[in-house]
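Read through the structure below, which is laid out as structure tokens, and then see the notes.
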Amino acid sequence: MTSAPGSSTADGLARRLRRDLDGEARFDDYTRHLYSRDASMYAITPLGVAFPRHAEDVRAAVAAAAEHGVSVTARGAGTSLAGQTVGAGLVLDLSRHMHRIVDLDPRTRTAVVEPGVVQDQLNRAAAAHGLMFGPDTSTSNRATIGGMIGNNSAGSGSLRHGMTVDHVRALDVVLSDATCARLAPVTESERARRAGPSTLEGRIHRDLPRLLAANSRTIAEDFPAFWRRACGYRLDRLADSSPFDPAQLLVGSEGTLALTTRADVALVPAPARTVIAVGHFTSVDAAVAATEDALACDPATVELLDRTILELSRQKIAYASLSALLEGDPGALLFVAFTGDDADELRGRLDALTALWARHGHGYHTLHALTPDRQAALLKVRKAGLGLLMAAGEGTRRPLAFVEDTAVHPSQLAAYTRRFRAVLDRHGLTAGFYGHCSVGCLHIRPFVDLADPAQVRILRAVAEEIKDLVGEFGGVNSSEHGDGLARSEFNREVFGPRLYEAMREVKRLFDPDNRFNPGKIVDAPAMTDHLRDAALAPAAPLRTRLSFPVVDGMRGAADRCMNIGACRKTGTGTMCPSYMATREEHDSTRGRAGALVKALSSPDPRHALGDERLHEILDLCLMCKACKSECPLGVDMATLKAEALSHRHDLYGVPARSRLFAGARTLNRLGSATAPLSNLPGRIPLLRTLLDRTLGITPHRPLPVFARGNLVRWAQRRRLTAHPAPRGQLTFLADSFTTYTEPGIGRAAVELLEHCGWEVRLESGGCCGRAALSKGLVDAAKEQSRALAHRIAASSPPGSPVVGCEPSCLMTLRDEHLALHPGDPVVTDLAGRVRQVEDLLLEAVADGRLRLRADSWPAGRRLLHHGHCHQKAEVGTAATVALLGAVPGTEVVEPDAGCCGMAGSFGYESEHYALSMTVGADRLFPAVRAEPDDTVIVATGTSCRQQILHGTGRRAWHPLEVVRAAL
């Protein structure tokens, strides 16, 4: 990483920014580290980071940076793949606050947006009017419009809708002299008027036409002929525009010419219907060869996925549903989408393509996906291609984006792909293939170890050979991801010396002092400078309590993150609930992983794990485990946080509240034994205030109610083992909550299992360790989990199921226990025996042992089901939804409601209460409130049920209570 200017410069700039900005400015080491990276292979530590709230803040930040001689790099989601958004000066995060849709006019099909507006956010607003933003990036759930303008993004729909430049109508910008301007099409008389003043805006309107005229022949002759370009400055676009439109030049300029503060963009009609043909092929070459037939049928998109990505998708529960749709074991798939209004016409085009492929011998099977539900699994994997591929890396050997954005005419794609593969083979590199075959763009990421100097030399050699190969085929070196640090060095060769010099003139005109994002597009450093992994110090030895079975242990587990930013999505999924609430980079999984990498790269990582700033960054992690499944790279922040907390406790001791919550089972058992007296503190305001002041337990949330008649007492009275058991014995995990605060759920589960022929043995002798682990008391969790595992092994038949009702506890047996006791055969065996009660009941429904009545409650009712985060992360909610659906006469809906926000003890903690309610209010509370009064609310987790009752006033039932009522 490059070094930043001196501390005196930083101190002066920080004071100026904090004085002049309504937004924040941060210069601490952790913030600087988090913004040293984007989704590329590069890292440059900035001097500081500012978070403007509006255009005036951007202007003030540019002025302050100029006064202190500091460069400025603008940043949206930080998902750039070529290193566009890293720089040594001041980074402006335009996504944190500047994300308003200022106006949306369906009549003119235009929108006015701030640069931090996310593409899916704009599309959701436009969808109400049957509109959408044309460019369709795979990162649409976090890519900002400002970033798309900076890169001239395109995506899968470019065959129909072109690139971002085709949809930008005007830009409000801050120029490098800290003045504001509006760049838009102007008549010649208006251009001449604007050219009059001796300002930077005046010089742009005066000198830019002269530059175009002086280089007209060069512009006409030297630009690559292929249309899909995201490299260099688009002088060709500006030369062809009439009237004069300087905004066209800014699209794709990577923040090197001006900083966008507001954009007027065009919208396009959203297709009424989409159908998809999925061709199955034995190899990538066979799939590419079928592209021309696909294009002959006038599709909207033609997308490629290779076997590497398909195999990776099968390993992730969030993407595994694709496998069930596929035929055989394809080496590659082609997704061919057709859009339109007429369903019959679209089906006819699918049939025509299928027949054409069959006639020409392309592929061995074609799947037709006609409905949105069937298409969802396909599109989810396609959009996650980058992240899934990144997950295949090991240690510092990663699939890298340095030749992955080339494009040639689709008619030459097959020959180009073969030549490309030959280059990789010659250098001994493997790679994953996917991309947009409809426009000749392939995303090919070779696996390279940047920590190995020999591999770095190979990387450079391959980059140079592919650059020459692209030129030979008349293609472009970057077709949608831009130049950045990865490709800018080659622009003189790509465009030729005359055109390159014209581009340098453009840079000098707009930015004479080279303040804006220097080193991108022109006058760039070598592509092998500033490499991320080469800059990291070797990981110092660190003994961890939990197992991290990857290269470099705990640091390697955190460093799996490649900053693709899936954790920055909002409005869908669960990851990352605290980021969705705060929109703070350090509250994303990416931010926390980056902070841990910094700490674990220090000479004394054990001490660094106790750092107060690091603790602040990790504090709002709800340990929901959604990152384990929704992050394509599987960064497991819950486990990383537990380990980090344990080291902090080593240094500073364990807080009293952490000990209290870690002992949840003891607390609940005592509460049940002394009920109803134990429930009085929850009803006395003075005692609640005392709990708040002494332990930090919020008085605003009701406490659980302890049940005197707990599950253990009920079981002892019934003599569970006396029931006939043709199915054999199973172990029911009597968790701390089902047993002592909600025993009715445990009773329902036991009765249903017995009805299905199981002998139920209640395991109530101890805790699974979940509560202790969540508070960083890893040693206590080890003792509890080992005792539980060995007790179950000794008292249950080999291979018999182990089931439970509380997902957070049950899933601990099959996940965290393995990290607590790596290699322990008893623990490993137990993890393999864990089943959901729902799984066993579904088997009984299938073979007729469990019959549910149509005339019982809640038959005829609508059920809204909210799944627990740990259940979603480990096994998914399909079994629960299917079991509820087996109750005759019911309609089961499962809204995309994210995390409830309670997260065990998190929602009880005074400093976290407000955030927990904000998380719940994101989507869950509105989804519940939108349901009619007769809808039955169902939730699998005890925390979820508590949060729903507190946040909406609606009682939530456990799914097994609903099924028991229908027995």
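Here, A, B, ... name the chains of the structure tokens in the order displayed, residue numbers run from 1 inside each chain, and ligands are numbered from 1 in the same displayed order.
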- Message: DSSP on the backbone: which residues in segment 545-748 of chain A end up as alpha helix (DSSP H)? Give the answer as a ChimeraX atom specification.
- Response: /A:553-558,577-582,589-600,605-608,612-619,626-630,637-652,656-662,664-673,685-695,711-718,736-740,743-748
- Task: Give me the residues within 7 Å of segment 246-255 of chain A as number ranges by chain, counting only C-alpha atoms and dropping any in the same chain fewer than 4 places off.
- Result: A: 73-74, 84, 149-152, 165, 170-171, 183-184, 230, 233-235, 237-238, 259, 516-517
- Query: Which residues, written as a count of residues only, have at least one atom at most 7 Å from segment 116-122 of chain A, with only C-alpha atoms counted and residues fewer than 3 positions away on the same chain left out?
  - Reply: 17
- Message: as a ChimeraX atom specification, please: every residue in segment 282-463 of chain A that a backbone DSSP assignment puts in strand (DSSP E).
- Response: /A:301-306,332-340,365-369,397-399,431-436,441-449
Preceding selection exported with C-alpha atoms as a JSON list (two decimals), in the first residue's frame:
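New file result_5.json:
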```json
[["chain", "number", "residue", "atom", "x", "y", "z"],
["A", 301, "THR", "CA", -29.53, -11.40, -23.25],
["A", 302, "VAL", "CA", -27.22, -14.38, -23.79],
["A", 303, "GLU", "CA", -25.22, -15.24, -20.66],
["A", 304, "LEU", "CA", -22.58, -17.91, -20.04],
["A", 305, "LEU", "CA", -21.73, -19.85, -16.87],
["A", 306, "ASP", "CA", -19.09, -22.56, -16.75],
["A", 332, "ALA", "CA", -21.42, -24.85, -19.31],
["A", 333, "LEU", "CA", -24.83, -23.20, -19.54],
["A", 334, "LEU", "CA", -26.18, -20.52, -21.85],
["A", 335, "PHE", "CA", -29.00, -18.41, -20.40],
["A", 336, "VAL", "CA", -30.93, -16.90, -23.30],
["A", 337, "ALA", "CA", -33.65, -14.47, -22.21],
["A", 338, "PHE", "CA", -36.49, -13.14, -24.36],
["A", 339, "THR", "CA", -38.63, -10.21, -23.23],
["A", 340, "GLY", "CA", -41.89, -8.79, -24.47],
["A", 365, "HIS", "CA", -30.72, -30.28, -23.31],
["A", 366, "THR", "CA", -32.64, -27.00, -23.20],
["A", 367, "LEU", "CA", -34.59, -26.02, -20.10],
["A", 368, "HIS", "CA", -37.49, -23.57, -20.46],
["A", 369, "ALA", "CA", -38.01, -21.23, -17.50],
["A", 397, "ARG", "CA", -4.19, -17.64, -4.77],
["A", 398, "ARG", "CA", -7.31, -15.93, -6.09],
["A", 399, "PRO", "CA", -9.22, -15.55, -9.35],
["A", 431, "ALA", "CA", -9.66, -19.75, -14.84],
["A", 432, "GLY", "CA", -13.41, -19.54, -14.47],
["A", 433, "PHE", "CA", -15.47, -18.41, -17.47],
["A", 434, "TYR", "CA", -18.74, -16.51, -17.53],
["A", 435, "GLY", "CA", -20.02, -13.41, -19.23],
["A", 436, "HIS", "CA", -22.27, -11.74, -21.78],
["A", 441, "CYS", "CA", -17.84, -9.97, -23.44],
["A", 442, "LEU", "CA", -16.29, -12.76, -21.42],
["A", 443, "HIS", "CA", -15.36, -12.47, -17.76],
["A", 444, "ILE", "CA", -12.34, -14.73, -17.39],
["A", 445, "ARG", "CA", -10.48, -14.66, -14.10],
["A", 446, "PRO", "CA", -7.23, -16.62, -13.91],
["A", 447, "PHE", "CA", -6.11, -17.91, -10.50],
["A", 448, "VAL", "CA", -2.93, -16.07, -9.48],
["A", 449, "ASP", "CA", -1.00, -15.73, -6.22]]
```
- Task: Can you pull out every residue within 10 Å of Asn710 of chain A, counting only C-alpha atoms, but drop anything in the same chain fewer than 5 positions away, and send it as a PyMOL selection string?
- Result: chain A and resi 669+672-673+715+737-744+746-747
- Message: Just to confirm, what's the straight-line distance from atom CA of Asp373 of chain A to atom CA of Leu325 of chain A in Å (one decimal)?
- Response: 11.9 Å
